[in-house]
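*Asks:* There's a structure below that I have some questions on.
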Number of protein chains: 2
Amino acid sequence: MTININIGASGQSYCALVGVGLLGQIPDLLDEYAPAYRYAVISDAQVSELYAEGVVSSCRSSGKNVELHSFRAGEASKTRENWSKLTDSLLGTGHGRDSCIIALGGGVTGDLAGFIAATFLRGIPLVQVPTTYLAMIDAAIGGKTGVDTHFGKNLVGAFHAPKCVIADPGVLSTLSIQERSTGLVEAFKHGAILDAEYYDQLCTGTDLLLSADPETAEAAVTASIRLKGQVVTKDELENGYRQILNFGHTIGHALEAASEYKLNHGSAVAAGMVLEAQLGELLGVTEIGTSQALYSDLKNLGIRIEAVSQLDPKAIMSFLGLDKKTRMGRSRYVLLRSIGEVEDSGGWSREVDESLVREVINDIR
Amino acid sequence: MTININIGASGQSYCALVGVGLLGQIPDLLDEYAPAYRYAVISDAQVSELYAEGVVSSCRSSGKNVELHSFRAGEASKTRENWSKLTDSLLGTGHGRDSCIIALGGGVTGDLAGFIAATFLRGIPLVQVPTTYLAMIDAAIGGKTGVDTHFGKNLVGAFHAPKCVIADPGVLSTLSIQERSTGLVEAFKHGAILDAEYYDQLCTGTDLLLSADPETAEAAVTASIRLKGQVVTKDELENGYRQILNFGHTIGHALEAASEYKLNHGSAVAAGMVLEAQLGELLGVTEIGTSQALYSDLKNLGIRIEAVSQLDPKAIMSFLGLDKKTRMGRSRYVLLRSIGEVEDSGGWSREVDESLVREVINDIR
């Protein structure tokens, strides 16, 4: 089944198509959603071998002018240097404004290729073809693109809405079990901030989701895209309501940075959710027991929350100053009321006394 | 006199303020148009000494948290490397989303600092304070930002509307005579594509404009901003009508590239206007004599059109393939009907037979 979901504010609207087998229909989908004179598929070396080369062949068979530009797999590739290199590779092969970029891969590919599309000749069309849980559920939806710097992740980037998002849950079977479990963290986050019933379904279906059961995966990807789509439609540029998607991320990003990015994003956000729920409980905003529930449900998903206990609390605190939500030099937090509901404090995020944050961070050990 | 001009499509609207003495009012203007927690003034070393240090002092005196980030003057600085370096300099000094960038300088500064603002934490507020004719009349208006690559100019960038543009024609007196004459080329272009009466005023007032007579300069800057503002309001993202602003630029950009950017932008565009008018005459679209009129009026402005005769026609032709207006692999041209009017061919630009372009280019010698 193919599901159309309209996402987009500021006049830009696009569809997210979710369905097992969609990867095989890409040539037709490009004709429908992103007709262009030329295409450049951007993919990492691993996904190139698994899927991108096949997509390029099928596009060529249907008469499209398309080539593959690949880069080394991994978060370490999400840099300004690779953005430059791939941009030059497109310029060198004569791409123009009538070209369309196809970002085929996980979150790194979507962010990196998306930032290339956002800035190539001041912006050319983009199609997101996410191939991981993380990218399908989260990264490919909402128009955020960007790269990392040594000061932190995603500190340089742009908003650039895709022409469409094509998610084929059939490809999830080639992910490692760790990629599946860490990718699903964002689905739990969607449930935690917006939909208690969905959260419960994720808890019940954890095993099927981890085995990449196509039907269960398609349902979860669809539900998460719907939820995230509703949020970014209300607030595309992250000035207000969209901040709720950052639940778990204020501390999560600091954990990632403090680990020098050895800790993966999903595990960091999972720990961030647990810790930010604890912060909310200390403040009397979050229902007592929420942090504990998140902890055991995410542990059941296979996340090792304990891993963060090896990080230096001082390093974590210092990185909390560089969060993108920082206002007036201080970090802001999205707090839950309970599973399924966030606090509307007026601005959807709030400052928290540094001593309280320090208490929670020191408590990690 | 301060003139407010509303510019902007896509919901974003901003003001261009033009007036002798406005540089001294910047602290108050920031309070009114771009209130922020912190400010970063980006300026080249030359303009830093002349004006930026003074602006920083006056902002500090009025209690603002502001510092100066400067770079080496010249088009050679408009690179991804400097964009990275200045971005890191902002990150390193702890700037966040509540910071505002002030681009104080010529076109290079506006484009470079603008691209930093467009991509810093996925976009922060920007104020353009142009200090040259070129920047006041053209570069600071319309939201285009970007940097050069070795494949050509402005090939990487983003659209990022400023909060406001503050143009003080009083600063034009410190420009060299060459900067004045080359900067005024874009004013002649505005007249040539949109307003024959304004074009005639520019011809009559050439000497006063070249001596940076404050009253004449203020009138021309205001008129040009009004004209350009009307165009970009109709078509902010350059998909249609805005292309008319590229008159002279298809060939102009190729001339710049073929000269390895030794030829300045104004002179290249001036030559591009003359040659594209010639192309239009050959095609029977442009009134006979237009090219000759442009040639003598721009020569009177102090532009040495002949300089391009030293360039290699083959190099020029090869760079014509990389113009941003390229569609389906071929360059497109904006053609005049006569001074003051462009051809509406349906799409505001058209392909031209390569042999005809070659004829005009070879004719340069």
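Numbering starts fresh at 1 for the residues of each chain in the structure tokens, the chains themselves are lettered A, B, ... in the order given, and ligands are numbered from 1 as they appear.
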Write out as a Markdown table a residue-level contact list of chain A versus chain B with cut-off 7 Å: for each qualifying residue the closest pair of atoms and the distance in Å to one decimal, counting only C-alpha atoms, rows sorted by chain and residue number upward.

*Replies:*
| residue | atom | partner | partner_atom | distance |
| --- | --- | --- | --- | --- |
| A:Tyr37 | CA | B:Met328 | CA | 6.1 |
| A:Leu91 | CA | B:Phe151 | CA | 6.9 |
| A:Gly94 | CA | B:Leu322 | CA | 7.0 |
| A:Gly96 | CA | B:Thr326 | CA | 6.1 |
| A:Arg97 | CA | B:Lys324 | CA | 6.5 |
| A:Asp98 | CA | B:Arg327 | CA | 5.7 |
| A:Ala118 | CA | B:Ala158 | CA | 7.0 |
| A:Thr119 | CA | B:Gly157 | CA | 4.8 |
| A:Phe120 | CA | B:Val156 | CA | 5.1 |
| A:Leu121 | CA | B:Leu155 | CA | 4.7 |
| A:Arg122 | CA | B:Ala158 | CA | 4.3 |
| A:Gly123 | CA | B:Ala158 | CA | 6.5 |
| A:Phe151 | CA | B:Leu91 | CA | 6.9 |
| A:Leu155 | CA | B:Leu121 | CA | 4.7 |
| A:Val156 | CA | B:Phe120 | CA | 5.1 |
| A:Gly157 | CA | B:Arg122 | CA | 4.5 |
| A:Ala158 | CA | B:Arg122 | CA | 4.3 |
| A:Phe159 | CA | B:Arg122 | CA | 6.5 |
| A:Lys324 | CA | B:Leu121 | CA | 6.4 |
| A:Thr326 | CA | B:Gly96 | CA | 6.2 |
| A:Arg327 | CA | B:Asp98 | CA | 5.7 |
| A:Met328 | CA | B:Tyr37 | CA | 6.1 |

*Asks:* Give the strand (DSSP E or B) residues of segment 116-358 of chain A, as DSSP finds them on the backbone, and put them as a ChimeraX atom specification.

*Replies:* /A:120,126-130,144-149,152-159,164-167,327,330,332-333,336-338,341-342,350-351

*Asks:* May I have a table of the residues of segment 141-190 of chain B lying at most 12 Å from segment 289-294 of chain B, giving each one's closest pair of atoms and their distance in Å to one decimal, counting only C-alpha atoms, ordered by chain and ascending residue number, as a Markdown table?

*Replies:*
| residue | atom | partner | partner_atom | distance |
| --- | --- | --- | --- | --- |
| B:Val185 | CA | B:Leu294 | CA | 10.4 |
| B:Phe188 | CA | B:Leu294 | CA | 8.8 |
| B:Lys189 | CA | B:Leu294 | CA | 9.5 |

*Asks:* Which polymer residues have any atom within 8 Å of an atom of Gly107 of chain B, counting only C-alpha atoms, with same-chain residues fewer than 3 positions away left out, as a PyMOL selection string?

*Replies:* chain B and resi 110-111+130+132+134-135+139-140

*Asks:* Hey, can you spit out that residue selection with C-alpha atoms as a PDB file, in the first residue's frame?

*Replies:*
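Output saved as part19.pdb:
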ATOM      1  CA  GLY B 110      27.286  40.662   1.507  1.00  0.00           C
ATOM      2  CA  ASP B 111      27.419  37.373  -0.391  1.00  0.00           C
ATOM      3  CA  PRO B 130      26.289  47.711   1.716  1.00  0.00           C
ATOM      4  CA  THR B 132      29.707  50.237  -2.415  1.00  0.00           C
ATOM      5  CA  LEU B 134      27.542  47.670  -6.544  1.00  0.00           C
ATOM      6  CA  ALA B 135      26.328  46.334  -3.217  1.00  0.00           C
ATOM      7  CA  ALA B 139      24.054  42.716  -4.357  1.00  0.00           C
ATOM      8  CA  ALA B 140      22.370  43.575  -1.047  1.00  0.00           C
TER       9      ALA B 140
END

*Asks:* When you look at Leu275 of chain A with a cut-off of 12 Å (counting only C-alpha atoms), what residues show up, excluding the ones that are within fewer than 3 positions of it in the same chain? I need them as an MDAnalysis selection string.

*Replies:* chainID A and resid 247:252 254:255 268:272 278:282 286 290:295 305:306 308:309 333:336 356:364
